[in-house]
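Colleague: My questions all concern the structure below.
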Protein chains: 2
Amino acid sequence: MTSQGATRQPKYQRIADALRKSIQAGEYGPGDRLPGENDLMAAYEVARMTARQALGVLQNEGLAEARKGAGVFVRAFRPLRRRGLQRLAQEQWGSGRSIWSTDSEDRELVVDQIDVREEEADDRVCDALGITPGTQVWARSRRFVLDGKPVLFATSYLPSDIVADSPITQRETGPGGTYARLAELGHGPVHFREEIRSRMPSADEADRLSLATGTPVIRIVRTAFAEDGRAVEVNEMTLDSASYVLEYDFDA
Amino acid sequence: MTSQGATRQPKYQRIADALRKSIQAGEYGPGDRLPGENDLMAAYEVARMTARQALGVLQNEGLAEARKGAGVFVRAFRPLRRRGLQRLAQEQWGSGRSIWSTDSEDRELVVDQIDVREEEADDRVCDALGITPGTQVWARSRRFVLDGKPVLFATSYLPSDIVADSPITQRETGPGGTYARLAELGHGPVHFREEIRSRMPSADEADRLSLATGTPVIRIVRTAFAEDGRAVEVNEMTLDSASYVLEYDFDA
DNA sequence: AAGTGGTCTAGACCACGCG
DNA sequence: GCGTGGTCTAGACCACTTC
């Protein structure tokens with residue numbers, strides 16, 4: 001029957017709109033529980049699937065988050081600020097600090113899922129590094145967890161002929177990290193290029209970053225170049241878009 | 001009944017996985033039509049809503065796109081490359097070229113939904129420009145449509161006390177655009193800061209950019225600073241994430 | 001134990017687009 | 001006109017969280 005009143009909008013959209021308005025009006029704050037499926041069925045006299053669809057809209061917009069057996073809750077945002085240039089200034093890694101330390105400041109940062117291995121470079125990596133397909137590279141993977149929430153994972157690829165037998169092939173690279181070691185090897189990076197994309201995560205990515213429905217990922221591919229113009233590292237990063245603001249400063 | 005075989009995965013996920021695998025294997029190329037709801041119902045012996053859910057997964061991942069009355073199709077990607085630094089180099093607007101011309105190259109670019117008006121700056125803009133709340137600013141809005149597809153819309157805010165009576169308050173700002181005019185007024189930008197976020201679009205944003213389900217937007221807020229350190233412009237841009245790759249080049 | 005969201009069924013009517 | 005996806009109903013069972 002779908003007794004239409006005066007509107008040409010789907011019921012579930014009207015319900016979603018009403019909830020969204022309530023959220024934006026501050027009626028429900030971050031972390032608050034929204035009316036559940038049963039509440040909406042009663043309040044709007046609709047079927048379960050229709051109430052579900054309305055709540056699904058808010059989740060796909062990234063405004064709300066469902067917790068099984070508990071309810072649907074308004075999401076909170078407090079992103080990290082990632083400064084694209086300052087964090088890679090030579091003084092950073094030259095002084096023995098991790099370039100990640102500038103992002104997190106006074107919050108608890110855990111690095112896990114560390115994996116260091118040698119492998120054959122795939123096409124994308126070969127292209128970025130400017131090497132012939134099939135060349136061996138060292139791959140360094142890790143995930144960053146901030147205050148218990150995974151925010152980023154990254155894999156860094158370095159040509160084997162440069163880094164073989166160096167600490168870069170070990171789990172712990174020492175003070176200043178990979179870039180300080182590359183400098184000692186005579187291949188210190190002097191130039192960087194970062195490529196940024198955004199898209200919805202694969203199921204695997206959503207899992208590794210504990211992403212709620214409706215959260216895109218930001219994909220950053222950074223290539224580091226040495227003095228002689230050679231690409232010495234390519235770093236593929238996947239960020240939780242709800243956890244990050246990227247910042248780039250530059251002169252005209 | 002949901003006769004479970006050996007898996008603990010929902011049916012709709014298994015169907016979605018199978019379709020995704022077929023796409024990645026190249027069985028369905030960009031623009032190809034995927035099996036529809038009726039096909040999936042027959043092939044997997046599931047109810048309509050379950051087949052729908054499976055197709056919904058692919059749409060939310062940005063892999064597929066539904067066209068009413070026609071079917072569900074594999075999406076194609078060929079993003080523009082937006083170079084963050086080069087495009088804002090002084091030679092660009094100093095030479096009378098539009099900074100947008102570097103992005104599009106040989107494709108057909110249409111600018112529409114142009115709106116130029118004076119208004120009271122809201123809190124966010126005041127904060128970025130470093131002015132007191134309620135100050136008057138000129139707001140310049142426009143949308144960019146590339147080969148018939150909207151890819152970006154932006155609103156630029158400039159303090160009224162700087163731009164009053166200049167061509168910046170007109171629809172057409174002349175060769176080199178706003179930045180060339182600012183330079184003539186003695187407030188040429190010498191430094192820029194870009195802040196980048198990503199999130200799912202609001203219904204309004206999805207509409208203005210003709211976004212398919214499962215497409216995030218990229219939000220760029222650029223602030224331009226003059227020689228004296230004063231912020232002379234803040235530009236809020238909203239990009240279709242499927243149409244753009246951002247690129248930033250910088251030295252260590 | 002009660003309530004929540006997650007999955008699923010088997011129907012229905014509609015608006016749209018394509019040929 | 002016919003098939004498509006879009007919306008909607010009225011049920012059902014499950015796993016999970018919270019009390």
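Residues in the structure tokens are named by chain (A, B, ... in the order shown) and by number from 1 within that chain; ligands are numbered from 1 in the order shown.
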Output the contact residues of chain A with respect to chain B at a cut-off of 7 Å, based on only C-alpha atoms, as a VMD selection string.

Modeller: chain A and resid 61 to 62 88 to 90 190 to 202 214 to 216 241 245 to 252

Colleague: Could the residues in this selection be saved with N, CA and C atoms as a PDB file, in the first residue's frame?

Modeller:
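Just written: selection24.pdb:
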```
ATOM      1  N   GLU A  61      26.955   6.880   5.403  1.00  0.00           N
ATOM      2  CA  GLU A  61      27.436   8.261   5.363  1.00  0.00           C
ATOM      3  C   GLU A  61      28.564   8.472   6.368  1.00  0.00           C
ATOM      4  N   GLY A  62      28.815   7.443   7.172  1.00  0.00           N
ATOM      5  CA  GLY A  62      29.876   7.580   8.168  1.00  0.00           C
ATOM      6  C   GLY A  62      29.416   8.314   9.417  1.00  0.00           C
ATOM      7  N   LEU A  88      59.020  14.867   7.125  1.00  0.00           N
ATOM      8  CA  LEU A  88      60.060  14.221   6.341  1.00  0.00           C
ATOM      9  C   LEU A  88      61.299  15.099   6.203  1.00  0.00           C
ATOM     10  N   ALA A  89      61.306  16.243   6.913  1.00  0.00           N
ATOM     11  CA  ALA A  89      62.488  17.096   6.876  1.00  0.00           C
ATOM     12  C   ALA A  89      63.681  16.313   7.412  1.00  0.00           C
ATOM     13  N   GLN A  90      64.830  16.635   6.851  1.00  0.00           N
ATOM     14  CA  GLN A  90      66.022  15.858   7.185  1.00  0.00           C
ATOM     15  C   GLN A  90      66.317  15.879   8.684  1.00  0.00           C
ATOM     16  N   VAL A 190      66.564  12.737  -0.887  1.00  0.00           N
ATOM     17  CA  VAL A 190      66.583  14.197  -0.905  1.00  0.00           C
ATOM     18  C   VAL A 190      65.280  14.758  -1.484  1.00  0.00           C
ATOM     19  N   HIS A 191      64.502  13.883  -2.092  1.00  0.00           N
ATOM     20  CA  HIS A 191      63.271  14.342  -2.711  1.00  0.00           C
ATOM     21  C   HIS A 191      62.184  13.280  -2.524  1.00  0.00           C
ATOM     22  N   PHE A 192      60.948  13.760  -2.334  1.00  0.00           N
ATOM     23  CA  PHE A 192      59.829  12.837  -2.149  1.00  0.00           C
ATOM     24  C   PHE A 192      58.676  13.208  -3.065  1.00  0.00           C
ATOM     25  N   ARG A 193      57.949  12.188  -3.463  1.00  0.00           N
ATOM     26  CA  ARG A 193      56.682  12.418  -4.160  1.00  0.00           C
ATOM     27  C   ARG A 193      55.607  11.582  -3.481  1.00  0.00           C
ATOM     28  N   GLU A 194      54.512  12.236  -3.114  1.00  0.00           N
ATOM     29  CA  GLU A 194      53.400  11.491  -2.528  1.00  0.00           C
ATOM     30  C   GLU A 194      52.191  11.566  -3.451  1.00  0.00           C
ATOM     31  N   GLU A 195      51.609  10.406  -3.723  1.00  0.00           N
ATOM     32  CA  GLU A 195      50.379  10.305  -4.513  1.00  0.00           C
ATOM     33  C   GLU A 195      49.244   9.916  -3.584  1.00  0.00           C
ATOM     34  N   ILE A 196      48.121  10.611  -3.700  1.00  0.00           N
ATOM     35  CA  ILE A 196      47.018  10.388  -2.770  1.00  0.00           C
ATOM     36  C   ILE A 196      45.758  10.027  -3.529  1.00  0.00           C
ATOM     37  N   ARG A 197      45.146   8.947  -3.087  1.00  0.00           N
ATOM     38  CA  ARG A 197      43.849   8.527  -3.613  1.00  0.00           C
ATOM     39  C   ARG A 197      42.918   8.260  -2.441  1.00  0.00           C
ATOM     40  N   SER A 198      41.638   8.163  -2.720  1.00  0.00           N
ATOM     41  CA  SER A 198      40.696   7.727  -1.693  1.00  0.00           C
ATOM     42  C   SER A 198      39.673   6.814  -2.334  1.00  0.00           C
ATOM     43  N   ARG A 199      39.284   5.790  -1.589  1.00  0.00           N
ATOM     44  CA  ARG A 199      38.280   4.853  -2.098  1.00  0.00           C
ATOM     45  C   ARG A 199      37.730   4.059  -0.912  1.00  0.00           C
ATOM     46  N   MET A 200      36.713   3.256  -1.168  1.00  0.00           N
ATOM     47  CA  MET A 200      36.191   2.394  -0.118  1.00  0.00           C
ATOM     48  C   MET A 200      37.146   1.209   0.060  1.00  0.00           C
ATOM     49  N   PRO A 201      37.244   0.725   1.290  1.00  0.00           N
ATOM     50  CA  PRO A 201      38.191  -0.354   1.566  1.00  0.00           C
ATOM     51  C   PRO A 201      37.709  -1.708   1.059  1.00  0.00           C
ATOM     52  N   SER A 202      38.658  -2.587   0.754  1.00  0.00           N
ATOM     53  CA  SER A 202      38.298  -3.986   0.546  1.00  0.00           C
ATOM     54  C   SER A 202      37.945  -4.586   1.899  1.00  0.00           C
ATOM     55  N   GLY A 214      30.995   2.656   5.943  1.00  0.00           N
ATOM     56  CA  GLY A 214      30.908   4.058   5.558  1.00  0.00           C
ATOM     57  C   GLY A 214      32.178   4.834   5.807  1.00  0.00           C
ATOM     58  N   THR A 215      33.278   4.141   6.022  1.00  0.00           N
ATOM     59  CA  THR A 215      34.558   4.822   6.202  1.00  0.00           C
ATOM     60  C   THR A 215      35.476   4.514   5.029  1.00  0.00           C
ATOM     61  N   PRO A 216      35.850   5.526   4.246  1.00  0.00           N
ATOM     62  CA  PRO A 216      36.798   5.290   3.154  1.00  0.00           C
ATOM     63  C   PRO A 216      38.217   5.138   3.709  1.00  0.00           C
ATOM     64  N   SER A 241      40.454   6.953   6.970  1.00  0.00           N
ATOM     65  CA  SER A 241      40.178   8.355   6.654  1.00  0.00           C
ATOM     66  C   SER A 241      39.539   9.099   7.825  1.00  0.00           C
ATOM     67  N   VAL A 245      43.896  13.803   9.044  1.00  0.00           N
ATOM     68  CA  VAL A 245      43.875  14.975   8.160  1.00  0.00           C
ATOM     69  C   VAL A 245      45.289  15.124   7.648  1.00  0.00           C
ATOM     70  N   LEU A 246      45.438  15.215   6.332  1.00  0.00           N
ATOM     71  CA  LEU A 246      46.766  15.412   5.750  1.00  0.00           C
ATOM     72  C   LEU A 246      46.997  16.906   5.545  1.00  0.00           C
ATOM     73  N   GLU A 247      48.223  17.324   5.741  1.00  0.00           N
ATOM     74  CA  GLU A 247      48.533  18.744   5.561  1.00  0.00           C
ATOM     75  C   GLU A 247      49.800  18.901   4.738  1.00  0.00           C
ATOM     76  N   TYR A 248      49.711  19.758   3.720  1.00  0.00           N
ATOM     77  CA  TYR A 248      50.887  20.047   2.900  1.00  0.00           C
ATOM     78  C   TYR A 248      51.098  21.556   2.849  1.00  0.00           C
ATOM     79  N   ASP A 249      52.311  21.980   3.163  1.00  0.00           N
ATOM     80  CA  ASP A 249      52.695  23.389   3.135  1.00  0.00           C
ATOM     81  C   ASP A 249      53.699  23.585   2.015  1.00  0.00           C
ATOM     82  N   PHE A 250      53.550  24.651   1.224  1.00  0.00           N
ATOM     83  CA  PHE A 250      54.531  24.892   0.172  1.00  0.00           C
ATOM     84  C   PHE A 250      54.454  26.330  -0.311  1.00  0.00           C
ATOM     85  N   ASP A 251      55.508  26.778  -0.932  1.00  0.00           N
ATOM     86  CA  ASP A 251      55.592  28.149  -1.421  1.00  0.00           C
ATOM     87  C   ASP A 251      55.202  28.232  -2.893  1.00  0.00           C
ATOM     88  N   ALA A 252      54.769  29.430  -3.282  1.00  0.00           N
ATOM     89  CA  ALA A 252      54.371  29.633  -4.680  1.00  0.00           C
ATOM     90  C   ALA A 252      55.586  29.568  -5.602  1.00  0.00           C
TER      91      ALA A 252
END
```

Colleague: For the interface of chain C with chain A (cut-off 9 Å, counting only C-alpha atoms (C1' of nucleotides)), please tabulate each contacting residue of chain C alongside its nearest pair of atoms and their separation in Å to one decimal, rows sorted by chain and increasing number, as a tab-separated table.

Modeller:
```
residue	atom	partner	partner_atom	distance
C:DG3	C1'	A:Gly69	CA	7.6
C:DT4	C1'	A:Gly69	CA	3.9
C:DG5	C1'	A:Lys68	CA	5.0
C:DG6	C1'	A:Lys68	CA	7.8
C:DC13	C1'	A:Met1	CA	8.2
```

Colleague: Could you dump the residues just selected with N, CA and C atoms (P, O5', C5', C4', C3', O3' and C1' of nucleotides) as a compact mmCIF listing (two decimals), in the first residue's frame?

Modeller:
```txt
# COMPACT_ATOMS: atom_id res chain seq x y z
P DG C 3 12.75 -7.28 26.55
O5' DG C 3 13.85 -6.61 25.61
C5' DG C 3 14.86 -5.79 26.20
C4' DG C 3 15.95 -5.55 25.18
C3' DG C 3 15.43 -5.16 23.78
O3' DG C 3 16.09 -3.98 23.36
C1' DG C 3 17.02 -6.91 23.64
P DT C 4 15.78 -3.33 21.98
O5' DT C 4 17.08 -3.60 21.10
C5' DT C 4 18.34 -3.07 21.52
C4' DT C 4 19.41 -3.72 20.71
C3' DT C 4 19.19 -3.60 19.20
O3' DT C 4 19.81 -2.45 18.70
C1' DT C 4 19.94 -5.80 19.86
P DG C 5 19.38 -1.99 17.24
O5' DG C 5 20.33 -2.86 16.33
C5' DG C 5 21.73 -2.65 16.36
C4' DG C 5 22.45 -3.84 15.77
C3' DG C 5 22.41 -3.90 14.23
O3' DG C 5 23.69 -4.36 13.78
C1' DG C 5 21.53 -5.88 15.13
P DG C 6 23.89 -4.74 12.22
O5' DG C 6 23.68 -6.33 12.20
C5' DG C 6 24.76 -7.19 12.54
C4' DG C 6 24.63 -8.49 11.78
C3' DG C 6 24.45 -8.30 10.27
O3' DG C 6 25.21 -9.30 9.58
C1' DG C 6 22.64 -9.51 11.15
P DC C 13 0.68 -6.69 -6.55
O5' DC C 13 1.31 -5.23 -6.62
C5' DC C 13 1.02 -4.28 -5.59
C4' DC C 13 1.92 -3.08 -5.78
C3' DC C 13 1.84 -2.44 -7.18
O3' DC C 13 1.60 -1.06 -7.05
C1' DC C 13 4.10 -2.85 -6.56
```

Colleague: Write out as a ChimeraX atom specification all residues of segment 36-177 of chain A that backbone DSSP assigns to alpha helix (DSSP H).

Modeller: /A:37-44,48-60,90-94,101-104,123-129,160-163,177

Colleague: Name the residues of segment 38-171 of chain B that fall into strand (DSSP E) according to DSSP on the backbone, using the chain letters and numbers of this document, as a ChimeraX atom specification.

Modeller: /B:64-67,71-74,80-83,109-120,136-146,149-159

Colleague: Wanna dump the chain D-chain B contacts at 10 Å for me, each residue with its shortest atom pair and the distance in Å to one decimal, counting only C-alpha atoms (C1' of nucleotides), ordered by chain and number, as a tab-separated table?

Modeller:
```
residue	atom	partner	partner_atom	distance
D:DG3	C1'	B:Gly69	CA	7.5
D:DT4	C1'	B:Gly69	CA	3.8
D:DG5	C1'	B:Lys68	CA	5.0
D:DG6	C1'	B:Lys68	CA	7.9
D:DA12	C1'	B:Met1	CA	9.7
D:DC13	C1'	B:Met1	CA	8.6
```

Colleague: Store the residues picked out above in a file with C-alpha atoms (C1' of nucleotides), as an mmCIF file, in the first residue's frame.

Modeller:
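Listing of out17.cif after writing:
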```cif
data_model
loop_
_atom_site.group_PDB
_atom_site.id
_atom_site.type_symbol
_atom_site.label_atom_id
_atom_site.label_comp_id
_atom_site.auth_asym_id
_atom_site.auth_seq_id
_atom_site.Cartn_x
_atom_site.Cartn_y
_atom_site.Cartn_z
ATOM 1 C "C1'" DG D 3 13.064 -6.644 -17.750
ATOM 2 C "C1'" DT D 4 15.626 -3.935 -14.624
ATOM 3 C "C1'" DG D 5 16.707 -2.139 -10.125
ATOM 4 C "C1'" DG D 6 14.178 0.517 -6.018
ATOM 5 C "C1'" DA D 12 11.676 -15.971 10.836
ATOM 6 C "C1'" DC D 13 16.097 -17.626 13.232
#
```

Colleague: Would you mind reading off the distance between atom C1' of DC16 of chain C and atom CA of Leu239 of chain B, one decimal, in Å?

Modeller: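 Separation between atom C1' of DC16 of chain C and atom CA of Leu239 of chain B: 28.7 Å.
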
Colleague: In Å, how far is it from atom CA of Ser22 of chain A to atom CA of Met41 of chain A?

Modeller: 17.6 Å

Colleague: Residues within 12 Å of DG1 of chain D, please, as a PyMOL selection string. Count only C-alpha atoms (C1' of nucleotides); anything in the same chain fewer than 5 positions from it doesn't count.

Modeller: chain C and resi 17-19
